[in-house]
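Chemist: So I've got this file, work.pdb, and it contains PDB, C-alpha atoms:
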```pdb
MODEL        1
ATOM      1  CA  MET A 953       0.000   0.000   0.000
ATOM      2  CA  THR A 954       1.245   3.514  -0.783
ATOM      3  CA  ARG A 955       2.237   5.692   2.079
ATOM      4  CA  TRP A 956       0.459   8.707   0.643
ATOM      5  CA  TRP A 957      -0.810   9.748   4.050
ATOM      6  CA  ARG A 958       2.766  10.395   5.176
ATOM      7  CA  TRP A 959       2.690  13.418   2.904
ATOM      8  CA  LEU A 960      -0.629  14.588   4.179
ATOM      9  CA  LEU A 961       0.658  16.409   7.267
ATOM     10  CA  PRO A 962       3.387  18.426   5.531
ATOM     11  CA  LEU A 963       0.990  19.142   2.683
ATOM     12  CA  ALA A 964      -1.702  20.329   5.083
ATOM     13  CA  ALA A 965       0.789  22.829   6.510
ATOM     14  CA  VAL A 966       1.279  24.504   3.117
ATOM     15  CA  PRO A 967      -2.008  26.437   2.925
ATOM     16  CA  VAL A 968      -1.711  27.410   6.588
ATOM     17  CA  LEU A 969       1.818  28.748   6.049
ATOM     18  CA  ALA A 970       0.703  30.548   2.899
ATOM     19  CA  LEU A 971      -2.150  32.211   4.805
ATOM     20  CA  LEU A 972       0.188  33.232   7.610
ATOM     21  CA  ALA A 973       2.781  34.565   5.156
ATOM     22  CA  TYR A 974       0.049  36.679   3.583
ATOM     23  CA  GLY A 975      -1.531  37.788   6.851
ATOM     24  CA  PHE A 976       1.619  38.781   8.679
ATOM     25  CA  ARG A 977       2.585  41.123   5.899
ATOM     26  CA  LEU A 978      -0.611  43.139   6.260
ATOM     27  CA  ASP A 979      -0.785  46.090   8.610
ATOM     28  CA  PRO A 980      -3.686  45.360  10.976
ATOM     29  CA  ARG A 981      -4.064  49.102  11.592
ATOM     30  CA  ASP A 982      -4.521  49.825   7.933
ATOM     31  CA  ILE A 983      -8.261  49.593   7.455
ATOM     32  CA  PRO A 984      -9.234  50.604   3.928
ATOM     33  CA  SER A 985     -12.116  53.050   3.897
ATOM     34  CA  PRO A 986     -14.983  52.096   1.592
ATOM     35  CA  LEU A 987     -15.672  55.823   1.251
ATOM     36  CA  VAL A 988     -12.664  56.662  -0.917
ATOM     37  CA  GLY A 989     -13.937  57.519  -4.400
ATOM     38  CA  ARG A 990     -17.486  58.039  -3.157
ATOM     39  CA  PRO A 991     -19.332  61.364  -2.753
ATOM     40  CA  ALA A 992     -18.604  63.017   0.587
ATOM     41  CA  ALA A 993     -21.632  62.911   2.899
ATOM     42  CA  PRO A 994     -23.250  66.327   3.258
ATOM     43  CA  PHE A 995     -23.407  67.846   6.727
ATOM     44  CA  THR A 996     -24.121  71.063   8.532
ATOM     45  CA  LEU A 997     -22.459  71.864  11.823
ATOM     46  CA  THR A 998     -22.235  75.002  13.877
ATOM     47  CA  SER A 999     -18.706  76.285  14.273
ATOM     48  CA  PHE A1000     -17.221  77.356  17.592
ATOM     49  CA  ASP A1001     -17.843  80.935  16.426
ATOM     50  CA  GLY A1002     -21.539  80.178  15.919
ATOM     51  CA  ALA A1003     -21.385  80.251  12.114
ATOM     52  CA  PRO A1004     -22.930  77.414  10.104
ATOM     53  CA  VAL A1005     -20.424  75.065   8.466
ATOM     54  CA  THR A1006     -21.913  73.315   5.443
ATOM     55  CA  LEU A1007     -20.084  71.049   3.071
ATOM     56  CA  GLU A1008     -22.582  71.718   0.286
ATOM     57  CA  ALA A1009     -21.597  75.384   0.253
ATOM     58  CA  LEU A1010     -18.033  74.417  -0.614
ATOM     59  CA  ARG A1011     -18.736  72.512  -3.823
ATOM     60  CA  GLY A1012     -16.156  73.494  -6.424
ATOM     61  CA  LYS A1013     -13.436  73.887  -3.818
ATOM     62  CA  VAL A1014     -10.908  71.372  -2.623
ATOM     63  CA  VAL A1015     -11.855  70.561   0.976
ATOM     64  CA  VAL A1016      -9.480  69.242   3.600
ATOM     65  CA  LEU A1017     -11.788  67.803   6.258
ATOM     66  CA  ASN A1018      -9.864  67.108   9.427
ATOM     67  CA  PHE A1019     -11.225  65.224  12.448
ATOM     68  CA  TRP A1020      -9.385  66.038  15.645
ATOM     69  CA  ALA A1021      -9.703  66.225  19.427
ATOM     70  CA  SER A1022      -7.888  68.234  22.071
ATOM     71  CA  TRP A1023      -6.947  65.042  23.947
ATOM     72  CA  CYS A1024      -5.329  63.568  20.861
ATOM     73  CA  TYR A1025      -1.698  64.037  21.776
ATOM     74  CA  PRO A1026       0.722  64.152  20.047
ATOM     75  CA  ALA A1027      -0.657  63.541  16.527
ATOM     76  CA  CYS A1028      -3.281  66.333  16.534
ATOM     77  CA  TYR A1029      -0.763  68.723  18.102
ATOM     78  CA  GLU A1030       1.748  67.920  15.375
ATOM     79  CA  GLU A1031      -0.650  68.468  12.502
ATOM     80  CA  ALA A1032      -2.477  71.583  13.769
ATOM     81  CA  PRO A1033       0.304  73.981  12.648
ATOM     82  CA  VAL A1034       0.580  72.116   9.321
ATOM     83  CA  LEU A1035      -3.150  72.531   8.677
ATOM     84  CA  GLU A1036      -3.032  76.217   9.642
ATOM     85  CA  GLN A1037      -0.049  76.821   7.349
ATOM     86  CA  GLY A1038      -1.758  74.910   4.532
ATOM     87  CA  TRP A1039      -4.958  76.905   4.978
ATOM     88  CA  ARG A1040      -3.067  80.199   4.817
ATOM     89  CA  ALA A1041      -1.019  79.118   1.808
ATOM     90  CA  TYR A1042      -3.884  77.709  -0.244
ATOM     91  CA  ARG A1043      -7.062  79.563   0.783
ATOM     92  CA  ASP A1044      -6.707  81.935  -2.149
ATOM     93  CA  ARG A1045      -6.408  79.017  -4.557
ATOM     94  CA  GLY A1046      -9.765  77.476  -3.760
ATOM     95  CA  VAL A1047      -8.814  75.222  -0.854
ATOM     96  CA  VAL A1048     -10.789  75.117   2.381
ATOM     97  CA  VAL A1049      -9.592  73.469   5.572
ATOM     98  CA  LEU A1050     -12.415  72.359   7.878
ATOM     99  CA  GLY A1051     -11.835  71.052  11.370
ATOM    100  CA  VAL A1052     -14.315  68.823  13.187
ATOM    101  CA  ASP A1053     -13.690  68.366  16.892
ATOM    102  CA  ILE A1054     -15.021  64.975  17.969
ATOM    103  CA  GLN A1055     -15.487  63.232  21.321
ATOM    104  CA  ASP A1056     -14.286  66.310  23.100
ATOM    105  CA  LYS A1057     -15.246  68.838  25.742
ATOM    106  CA  GLU A1058     -16.209  72.125  24.143
ATOM    107  CA  GLU A1059     -13.996  74.230  26.398
ATOM    108  CA  ALA A1060     -10.965  71.999  25.729
ATOM    109  CA  GLY A1061     -11.646  72.275  22.002
ATOM    110  CA  ARG A1062     -11.788  76.080  22.191
ATOM    111  CA  LYS A1063      -8.523  76.172  24.121
ATOM    112  CA  PHE A1064      -6.855  73.993  21.470
ATOM    113  CA  ILE A1065      -7.976  76.397  18.729
ATOM    114  CA  ARG A1066      -6.726  79.378  20.753
ATOM    115  CA  ASP A1067      -3.391  77.752  21.592
ATOM    116  CA  PHE A1068      -2.622  76.984  17.958
ATOM    117  CA  GLY A1069      -4.165  80.192  16.642
ATOM    118  CA  LEU A1070      -6.287  78.264  14.159
ATOM    119  CA  THR A1071      -8.090  80.574  11.738
ATOM    120  CA  PHE A1072      -9.842  77.988   9.542
ATOM    121  CA  PRO A1073     -13.438  77.029  10.427
ATOM    122  CA  ASN A1074     -13.724  74.501  13.238
ATOM    123  CA  ALA A1075     -16.895  72.921  14.571
ATOM    124  CA  PRO A1076     -17.696  70.432  17.309
ATOM    125  CA  ASP A1077     -19.638  67.277  16.447
ATOM    126  CA  PRO A1078     -21.430  66.692  19.756
ATOM    127  CA  THR A1079     -23.644  63.839  18.542
ATOM    128  CA  GLY A1080     -20.953  62.048  16.534
ATOM    129  CA  ARG A1081     -23.223  61.973  13.461
ATOM    130  CA  VAL A1082     -20.628  63.458  11.135
ATOM    131  CA  SER A1083     -17.807  61.244  12.418
ATOM    132  CA  VAL A1084     -19.872  58.090  11.894
ATOM    133  CA  ASP A1085     -20.998  59.312   8.471
ATOM    134  CA  TYR A1086     -17.334  59.523   7.524
ATOM    135  CA  GLY A1087     -16.448  56.188   9.090
ATOM    136  CA  VAL A1088     -14.056  57.821  11.530
ATOM    137  CA  TYR A1089     -12.630  55.449  14.097
ATOM    138  CA  GLY A1090      -9.985  57.587  15.688
ATOM    139  CA  VAL A1091      -8.277  60.942  15.616
ATOM    140  CA  PRO A1092      -6.690  62.403  13.680
ATOM    141  CA  GLU A1093      -8.207  61.415  10.367
ATOM    142  CA  THR A1094      -8.250  63.687   7.353
ATOM    143  CA  PHE A1095     -10.349  63.458   4.212
ATOM    144  CA  PHE A1096      -9.288  65.208   1.040
ATOM    145  CA  ILE A1097     -12.405  66.027  -0.984
ATOM    146  CA  ASP A1098     -12.092  67.036  -4.629
ATOM    147  CA  ARG A1099     -13.910  69.867  -6.373
ATOM    148  CA  GLN A1100     -16.702  67.527  -7.422
ATOM    149  CA  GLY A1101     -17.357  66.635  -3.815
ATOM    150  CA  ARG A1102     -15.868  63.156  -3.865
ATOM    151  CA  ILE A1103     -13.637  61.763  -1.137
ATOM    152  CA  ARG A1104     -10.324  61.107  -2.817
ATOM    153  CA  VAL A1105      -7.864  60.410  -0.017
ATOM    154  CA  LYS A1106      -8.304  59.339   3.570
ATOM    155  CA  HIS A1107      -5.255  60.049   5.652
ATOM    156  CA  VAL A1108      -4.980  58.379   9.057
ATOM    157  CA  SER A1109      -2.550  59.897  11.608
ATOM    158  CA  ALA A1110      -1.034  63.367  11.569
ATOM    159  CA  VAL A1111      -1.019  65.254   8.284
ATOM    160  CA  THR A1112       2.490  66.290   7.367
ATOM    161  CA  GLU A1113       3.434  69.225   5.197
ATOM    162  CA  PRO A1114       4.377  67.057   2.160
ATOM    163  CA  VAL A1115       1.144  65.038   2.442
ATOM    164  CA  PHE A1116      -0.923  68.230   2.586
ATOM    165  CA  ARG A1117       0.907  69.946  -0.259
ATOM    166  CA  GLU A1118       1.108  66.977  -2.618
ATOM    167  CA  THR A1119      -2.500  65.875  -2.133
ATOM    168  CA  VAL A1120      -3.912  69.386  -2.474
ATOM    169  CA  GLU A1121      -1.758  70.140  -5.531
ATOM    170  CA  THR A1122      -2.936  66.922  -7.201
ATOM    171  CA  LEU A1123      -6.590  67.786  -6.608
ATOM    172  CA  LEU A1124      -6.095  71.411  -7.707
ATOM    173  CA  ALA A1125      -4.497  70.250 -10.948
ATOM    174  CA  GLU A1126      -7.688  68.458 -11.917
ATOM    175  CA  PRO A1127     -10.169  70.360 -14.075
ATOM    176  CA  ALA A1128     -12.895  72.104 -12.143
ATOM    177  CA  PRO A1129     -16.395  70.582 -12.496
ATOM    178  CA  GLY A1130     -18.278  71.980 -15.427
ATOM    179  CA  GLY A1131     -15.302  74.041 -16.544
TER     180      GLY A1131
ATOM    181  CA  MET B 857     -64.498  73.696  42.327
ATOM    182  CA  THR B 858     -65.182  77.105  43.706
ATOM    183  CA  THR B 859     -65.596  76.230  47.341
ATOM    184  CA  SER B 860     -63.054  77.119  49.978
ATOM    185  CA  ALA B 861     -62.177  73.434  50.146
ATOM    186  CA  GLY B 862     -61.282  73.641  46.457
ATOM    187  CA  ARG B 863     -58.926  76.548  47.026
ATOM    188  CA  ARG B 864     -57.172  74.775  49.838
ATOM    189  CA  THR B 865     -56.319  71.789  47.717
ATOM    190  CA  PRO B 866     -54.858  68.946  49.756
ATOM    191  CA  PRO B 867     -51.190  68.268  48.894
ATOM    192  CA  GLY B 868     -52.059  64.811  47.585
ATOM    193  CA  ALA B 869     -54.313  66.232  44.902
ATOM    194  CA  ALA B 870     -51.753  68.878  43.953
ATOM    195  CA  VAL B 871     -49.099  66.236  43.416
ATOM    196  CA  LEU B 872     -51.521  64.145  41.402
ATOM    197  CA  ALA B 873     -52.365  67.140  39.219
ATOM    198  CA  LEU B 874     -48.669  67.886  38.703
ATOM    199  CA  VAL B 875     -47.972  64.276  37.733
ATOM    200  CA  LEU B 876     -50.862  64.328  35.273
ATOM    201  CA  VAL B 877     -49.611  67.568  33.716
ATOM    202  CA  LEU B 878     -46.081  66.176  33.435
ATOM    203  CA  LEU B 879     -47.349  62.918  31.942
ATOM    204  CA  GLY B 880     -49.309  64.900  29.394
ATOM    205  CA  ALA B 881     -46.270  66.988  28.526
ATOM    206  CA  LEU B 882     -43.918  64.005  28.300
ATOM    207  CA  PRO B 883     -44.632  62.787  24.771
ATOM    208  CA  ALA B 884     -44.399  66.355  23.482
ATOM    209  CA  SER B 885     -41.021  67.070  25.065
ATOM    210  CA  ALA B 886     -39.451  63.701  24.274
ATOM    211  CA  GLN B 887     -38.018  63.165  20.812
ATOM    212  CA  GLN B 888     -40.875  61.677  18.895
ATOM    213  CA  PRO B 889     -39.809  58.519  17.142
ATOM    214  CA  SER B 890     -42.105  57.403  14.374
ATOM    215  CA  ARG B 891     -41.906  53.892  15.763
ATOM    216  CA  PRO B 892     -41.253  52.773  19.323
ATOM    217  CA  VAL B 893     -37.873  51.069  19.655
ATOM    218  CA  ASP B 894     -37.137  48.971  22.707
ATOM    219  CA  ASP B 895     -33.692  48.692  24.233
ATOM    220  CA  ARG B 896     -33.399  45.042  23.301
ATOM    221  CA  GLN B 897     -33.643  45.846  19.607
ATOM    222  CA  VAL B 898     -30.957  48.519  19.874
ATOM    223  CA  HIS B 899     -28.790  46.137  21.877
ATOM    224  CA  GLU B 900     -29.175  43.393  19.288
ATOM    225  CA  VAL B 901     -27.881  45.586  16.464
ATOM    226  CA  ALA B 902     -25.200  47.229  18.610
ATOM    227  CA  ALA B 903     -23.908  43.812  19.706
ATOM    228  CA  ASP B 904     -23.066  43.003  16.065
ATOM    229  CA  LEU B 905     -21.022  46.182  15.620
ATOM    230  CA  ARG B 906     -17.413  46.585  16.590
ATOM    231  CA  CYS B 907     -16.701  49.509  18.868
ATOM    232  CA  VAL B 908     -14.285  51.495  16.736
ATOM    233  CA  VAL B 909     -12.255  52.949  19.580
ATOM    234  CA  CYS B 910     -11.960  49.743  21.627
ATOM    235  CA  GLN B 911     -10.160  46.442  21.440
ATOM    236  CA  ASN B 912     -12.538  43.536  20.886
ATOM    237  CA  LEU B 913     -15.626  45.168  22.333
ATOM    238  CA  SER B 914     -19.001  45.570  20.717
ATOM    239  CA  VAL B 915     -20.836  48.871  20.508
ATOM    240  CA  ALA B 916     -23.362  47.380  22.935
ATOM    241  CA  ASP B 917     -20.742  46.585  25.568
ATOM    242  CA  SER B 918     -18.481  49.609  25.377
ATOM    243  CA  PRO B 919     -18.923  52.524  27.777
ATOM    244  CA  SER B 920     -17.005  54.855  25.448
ATOM    245  CA  GLU B 921     -18.493  58.084  24.165
ATOM    246  CA  MET B 922     -18.189  56.956  20.570
ATOM    247  CA  ALA B 923     -20.120  53.735  21.280
ATOM    248  CA  THR B 924     -22.788  55.740  23.120
ATOM    249  CA  GLN B 925     -23.151  57.974  20.077
ATOM    250  CA  MET B 926     -23.324  54.947  17.799
ATOM    251  CA  ARG B 927     -26.054  53.378  19.930
ATOM    252  CA  ALA B 928     -27.996  56.628  19.621
ATOM    253  CA  ILE B 929     -27.621  56.454  15.848
ATOM    254  CA  VAL B 930     -28.795  52.818  15.837
ATOM    255  CA  ARG B 931     -31.854  53.773  17.895
ATOM    256  CA  GLU B 932     -32.611  56.740  15.668
ATOM    257  CA  ARG B 933     -32.412  54.716  12.476
ATOM    258  CA  LEU B 934     -34.559  51.909  13.894
ATOM    259  CA  ALA B 935     -37.080  54.512  15.033
ATOM    260  CA  ALA B 936     -37.123  55.923  11.516
ATOM    261  CA  GLY B 937     -38.366  52.524  10.361
ATOM    262  CA  GLU B 938     -35.149  50.898   9.139
ATOM    263  CA  THR B 939     -34.710  47.173   9.628
ATOM    264  CA  PRO B 940     -31.772  45.903  11.728
ATOM    265  CA  ALA B 941     -30.151  44.709   8.489
ATOM    266  CA  GLN B 942     -30.422  48.180   6.978
ATOM    267  CA  VAL B 943     -28.878  49.765  10.061
ATOM    268  CA  ARG B 944     -26.001  47.282   9.913
ATOM    269  CA  GLN B 945     -25.597  48.106   6.221
ATOM    270  CA  TYR B 946     -25.401  51.819   7.050
ATOM    271  CA  PHE B 947     -22.350  51.141   9.204
ATOM    272  CA  VAL B 948     -20.800  48.662   6.749
ATOM    273  CA  GLU B 949     -21.015  51.259   3.966
ATOM    274  CA  ARG B 950     -18.943  53.627   6.085
ATOM    275  CA  TYR B 951     -16.556  51.319   7.902
ATOM    276  CA  GLY B 952     -16.472  48.245   5.682
ATOM    277  CA  ASP B 953     -17.014  44.666   6.853
ATOM    278  CA  TRP B 954     -14.489  45.469   9.575
ATOM    279  CA  ILE B 955     -17.286  47.013  11.660
ATOM    280  CA  LEU B 956     -19.082  43.659  11.912
ATOM    281  CA  LEU B 957     -17.929  41.466  14.776
ATOM    282  CA  SER B 958     -18.961  38.382  12.786
ATOM    283  CA  PRO B 959     -17.550  38.404   9.272
ATOM    284  CA  PRO B 960     -20.266  37.942   6.623
ATOM    285  CA  ARG B 961     -20.884  34.337   5.552
ATOM    286  CA  GLN B 962     -20.220  35.027   1.903
ATOM    287  CA  GLY B 963     -17.333  35.831  -0.394
ATOM    288  CA  PHE B 964     -13.798  35.643   0.946
ATOM    289  CA  THR B 965     -14.794  35.860   4.610
ATOM    290  CA  LEU B 966     -16.778  32.635   4.203
ATOM    291  CA  VAL B 967     -13.366  30.957   4.571
ATOM    292  CA  VAL B 968     -13.184  31.811   8.270
ATOM    293  CA  TRP B 969     -16.513  30.045   8.826
ATOM    294  CA  VAL B 970     -15.786  26.986   6.693
ATOM    295  CA  ALA B 971     -12.066  26.449   7.349
ATOM    296  CA  PRO B 972     -12.387  25.336  11.010
ATOM    297  CA  LEU B 973     -15.122  22.869  10.079
ATOM    298  CA  VAL B 974     -13.028  21.460   7.238
ATOM    299  CA  ALA B 975      -9.976  21.250   9.523
ATOM    300  CA  VAL B 976     -11.941  19.338  12.167
ATOM    301  CA  LEU B 977     -13.349  16.919   9.587
ATOM    302  CA  VAL B 978      -9.943  16.333   7.985
ATOM    303  CA  GLY B 979      -8.383  15.877  11.431
ATOM    304  CA  MET B 980     -11.028  13.366  12.471
ATOM    305  CA  GLY B 981     -10.557  11.474   9.213
ATOM    306  CA  LEU B 982      -6.810  11.411   9.744
ATOM    307  CA  VAL B 983      -7.155  10.126  13.301
ATOM    308  CA  ALA B 984      -9.586   7.417  12.164
ATOM    309  CA  LEU B 985      -7.222   6.376   9.387
ATOM    310  CA  LEU B 986      -4.180   6.222  11.658
ATOM    311  CA  LEU B 987      -6.057   4.369  14.396
ATOM    312  CA  ARG B 988      -7.128   1.726  11.928
ATOM    313  CA  ARG B 989      -3.600   1.382  10.617
ATOM    314  CA  TRP B 990      -2.070   1.136  14.073
ATOM    315  CA  THR B 991      -4.539  -1.435  15.330
ATOM    316  CA  ARG B 992      -4.285  -3.595  12.201
ATOM    317  CA  GLU B 993      -0.525  -3.656  11.844
ATOM    318  CA  ARG B 994       0.056  -5.403  15.150
ATOM    319  CA  ARG B 995       3.251  -7.516  15.344
ATOM    320  CA  PRO B 996       2.633 -11.161  14.685
ATOM    321  CA  PRO B 997       2.855 -13.241  17.921
ATOM    322  CA  PRO B 998       6.298 -14.852  18.486
ATOM    323  CA  PRO B 999       6.586 -18.405  17.218
ATOM    324  CA  PRO B1000       5.878 -20.992  19.925
ATOM    325  CA  VAL B1001       8.956 -22.379  21.642
ATOM    326  CA  ASP B1002       9.266 -26.091  21.028
ATOM    327  CA  ALA B1003       9.788 -28.575  23.825
ATOM    328  CA  ALA B1004      13.467 -29.243  22.999
ATOM    329  CA  MET B1005      14.295 -25.570  23.176
ATOM    330  CA  SER B1006      12.557 -25.010  26.555
ATOM    331  CA  GLU B1007      14.327 -28.076  27.928
ATOM    332  CA  ARG B1008      17.663 -26.613  26.790
ATOM    333  CA  ILE B1009      16.950 -23.229  28.369
ATOM    334  CA  ARG B1010      15.980 -24.887  31.649
ATOM    335  CA  ARG B1011      19.210 -26.901  31.717
ATOM    336  CA  GLU B1012      21.377 -23.865  30.947
ATOM    337  CA  LEU B1013      19.707 -21.846  33.675
ATOM    338  CA  GLU B1014      20.351 -24.589  36.218
ATOM    339  CA  ARG B1015      24.015 -24.585  35.272
ATOM    340  CA  GLU B1016      24.292 -20.908  36.292
ATOM    341  CA  PRO B1017      25.843 -20.349  39.733
TER     342      PRO B1017
ENDMDL
END
```
Now, as a test, write the supplied structure out as structure tokens.

Modeler:
Amino acid sequence: MTRWWRWLLPLAAVPVLALLAYGFRLDPRDIPSPLVGRPAAPFTLTSFDGAPVTLEALRGKVVVLNFWASWCYPACYEEAPVLEQGWRAYRDRGVVVLGVDIQDKEEAGRKFIRDFGLTFPNAPDPTGRVSVDYGVYGVPETFFIDRQGRIRVKHVSAVTEPVFRETVETLLAEPAPGG
Amino acid sequence: MTTSAGRRTPPGAAVLALVLVLLGALPASAQQPSRPVDDRQVHEVAADLRCVVCQNLSVADSPSEMATQMRAIVRERLAAGETPAQVRQYFVERYGDWILLSPPRQGFTLVVWVAPLVAVLVGMGLVALLLRRWTRERRPPPPPVDAAMSERIRRELEREP
């Protein structure tokens, strides 16, 4: 009789090893967002200054939608100056930076804005509706929305100056909708 | 009630009146859902969803602010008349299958449901096969010792000091 079963055990290990080799190379923290490429969900929030913040009103502009919290140290503290610099450098070229403060105390959020001298619109999301609509699972997360209102890039962790500049430049280089 | 007794209302009646007024005002002040949703229904859906800011906790079990907000969203959507499956789908569309604590039993993730079953069956088959082989291939019993040989062994043993 053939001893085929002697090969069974080593053979059975092959698919398991293949699966492990595949799995261990993935980054478990890298969760692809199903929203990339899809239209950005509309929302209206009230900014810390009391002004309405509406995504719909920004159609035709490149929107950098940043979710942050004052307790998010150090990532949010690292990116706040980058976002402010980016806003100042690109606001005249049709780029809007929007901050959404999530899972935070309002006073702590205001202090954060004061401390970093943020001048772009920032709004709290007290019910979490907007964060869930954008599939946010932590802070900071930043969505780059193109001029047609589609989410093009989701950036998890602090936005760096090159990431901001390169992504915004790419989206600005695209033809404006209807033009 | 215009009598003096009516003006001096006993405290019991005053409390009763207050309770009645409050009860009447309650449905107006509470958020009016178009459909009553009980906690069990919300819990059922929330238990299927992964709390996004936790490690291995469902939205139903987590005390975090984010999970609380998500439970509120589940309740709101159920109240608006969505089925539990539609509410789950709302979250899947935003977070991907990752948000579900049990991977869907279709497509690639079907593997995680089927693989353990297949492994157990293959393992049981292997054990059965080996057991049969081991029990069948027993060594043949040693040949019987003939009388001359046992006589010789006995004599040689006696010769030993």

Chemist: Which of these, A:Tyr1042, A:Phe1068, A:Phe995, A:Trp959, has the shortest distance to chain B once you count only C-alpha atoms?

Modeler: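 Closest residue, counting only C-alpha atoms: A:Trp959.
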
Chemist: Report as a list in words the residues that result from applying the PyMOL selection byres ((chain A and resi 1075-1080) around 8) to the structure here.

Modeler: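 Evaluating the PyMOL selection byres ((chain A and resi 1075-1080) around 8) on this file yields Leu997, Thr998, Ser999, Phe1000, Val1005, Gly1051, Val1052, Asp1053, Ile1054, Gln1055, Asp1056, Glu1058, Gly1061, Pro1073, Asn1074, Arg1081, Val1082, Ser1083 and Val1084 of chain A; Met922, Gln925 and Met926 of chain B.
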
Chemist: Please provide the set of residues having any atom within 9 Å of A:Ile1065, restricted to all atoms listed in the file, with same-chain residues fewer than 4 positions apart removed, written as a PyMOL selection string.

Modeler: chain A and resi 1022+1032+1060-1061+1069-1071+1074

Chemist: Residues of chain B near chain A: apply a cut-off of 7 Å, count all atoms listed in the file, and supply the list as a list in words.

Modeler: Val908, Val909, Glu921, Met922, Gln925, Glu949, Arg950, Tyr951 and Gly952 of chain B

Chemist: Just the number, please: distance in Å from atom CA of A:Ile1097 to atom CA of A:Val1016, one decimal.

Modeler: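 Interatomic distance, atom CA of A:Ile1097 to atom CA of A:Val1016: 6.3 Å.
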
Chemist: Which residue is closest to B:Ala923? Choose from B:Ala975, B:Val943, B:Ala903, B:Val893 and count all atoms listed in the file.

Modeler: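 Of B:Ala975, B:Val943, B:Ala903, B:Val893, the one nearest B:Ala923 is B:Ala903, counting all atoms listed in the file.
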
Chemist: In Å, rounded to a single decimal, give me how far atom CA of A:Glu1126 is from atom CA of A:Phe1072.

Modeler: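 Between atom CA of A:Phe1072 and atom CA of A:Glu1126 the gap is 23.6 Å.
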
Chemist: Just checking: using only C-alpha atoms, which residue out of A:Leu969, A:Val1111, A:Leu1050, A:Val1105 ends up closest to A:Val1034?

Modeler: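 Among the listed residues, A:Val1111 lies closest to A:Val1034.
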
Chemist: Of the candidates B:Arg891, B:Arg961, B:Leu913, B:Arg906, which shows the shortest atom-to-atom distance to B:Arg933, using all atoms listed in the file?

Modeler: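 Among the listed residues, B:Arg891 lies closest to B:Arg933.
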
Chemist: Calculated over all atoms listed in the file, which of the candidates B:Thr939, B:Thr924, B:Ser958, B:Thr991 has the smallest distance to B:Leu905?

Modeler: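 Of all the options, B:Ser958 lies closest to B:Leu905.
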
Chemist: At what distance in Å, to one decimal, does atom CA of B:Pro940 lie from atom CA of B:Glu900?

Modeler: 8.4 Å

Chemist: Identify the residues around (-11.2, 70.7, -13.1) within a radius of 12 Å, measuring from only C-alpha atoms in the coordinates stated by the file, and give them as a PyMOL selection string.

Modeler: chain A and resi 1012-1014+1046+1098-1101+1122-1131

Chemist: Centre and edge lengths, as AutoDock Vina command-line options, for the axis-aligned box enclosing every listed atom of stretch 947-966 of chain B with 8 Å of padding on each of the six sides, in Å to one decimal?

Modeler:
```
--center_x -18.1 --center_y 43.1 --center_z 7.2 --size_x 24.6 --size_y 37.0 --size_z 31.2
```

Chemist: Using the chain letters and numbering of this document, enumerate as number ranges by chain the residues selected by the PyMOL selection byres ((chain A and resi 989) around 8).

Modeler: A: 987-988, 990-991, 1102-1104

Chemist: Using the chain letters and numbers from the file, give me the residues hit by the PyMOL selection byres ((chain A and resi 1107) around 7), as a PyMOL selection string.

Modeler: chain A and resi 1093-1095+1105-1106+1108-1109

Chemist: Would you save the residues from that selection as a CSV table (one decimal), keeping the file's coordinate frame, using C-alpha atoms?

Modeler:
```csv
chain,number,residue,atom,x,y,z
A,1093,GLU,CA,-8.2,61.4,10.4
A,1094,THR,CA,-8.2,63.7,7.4
A,1095,PHE,CA,-10.3,63.5,4.2
A,1105,VAL,CA,-7.9,60.4,0.0
A,1106,LYS,CA,-8.3,59.3,3.6
A,1108,VAL,CA,-5.0,58.4,9.1
A,1109,SER,CA,-2.6,59.9,11.6
```
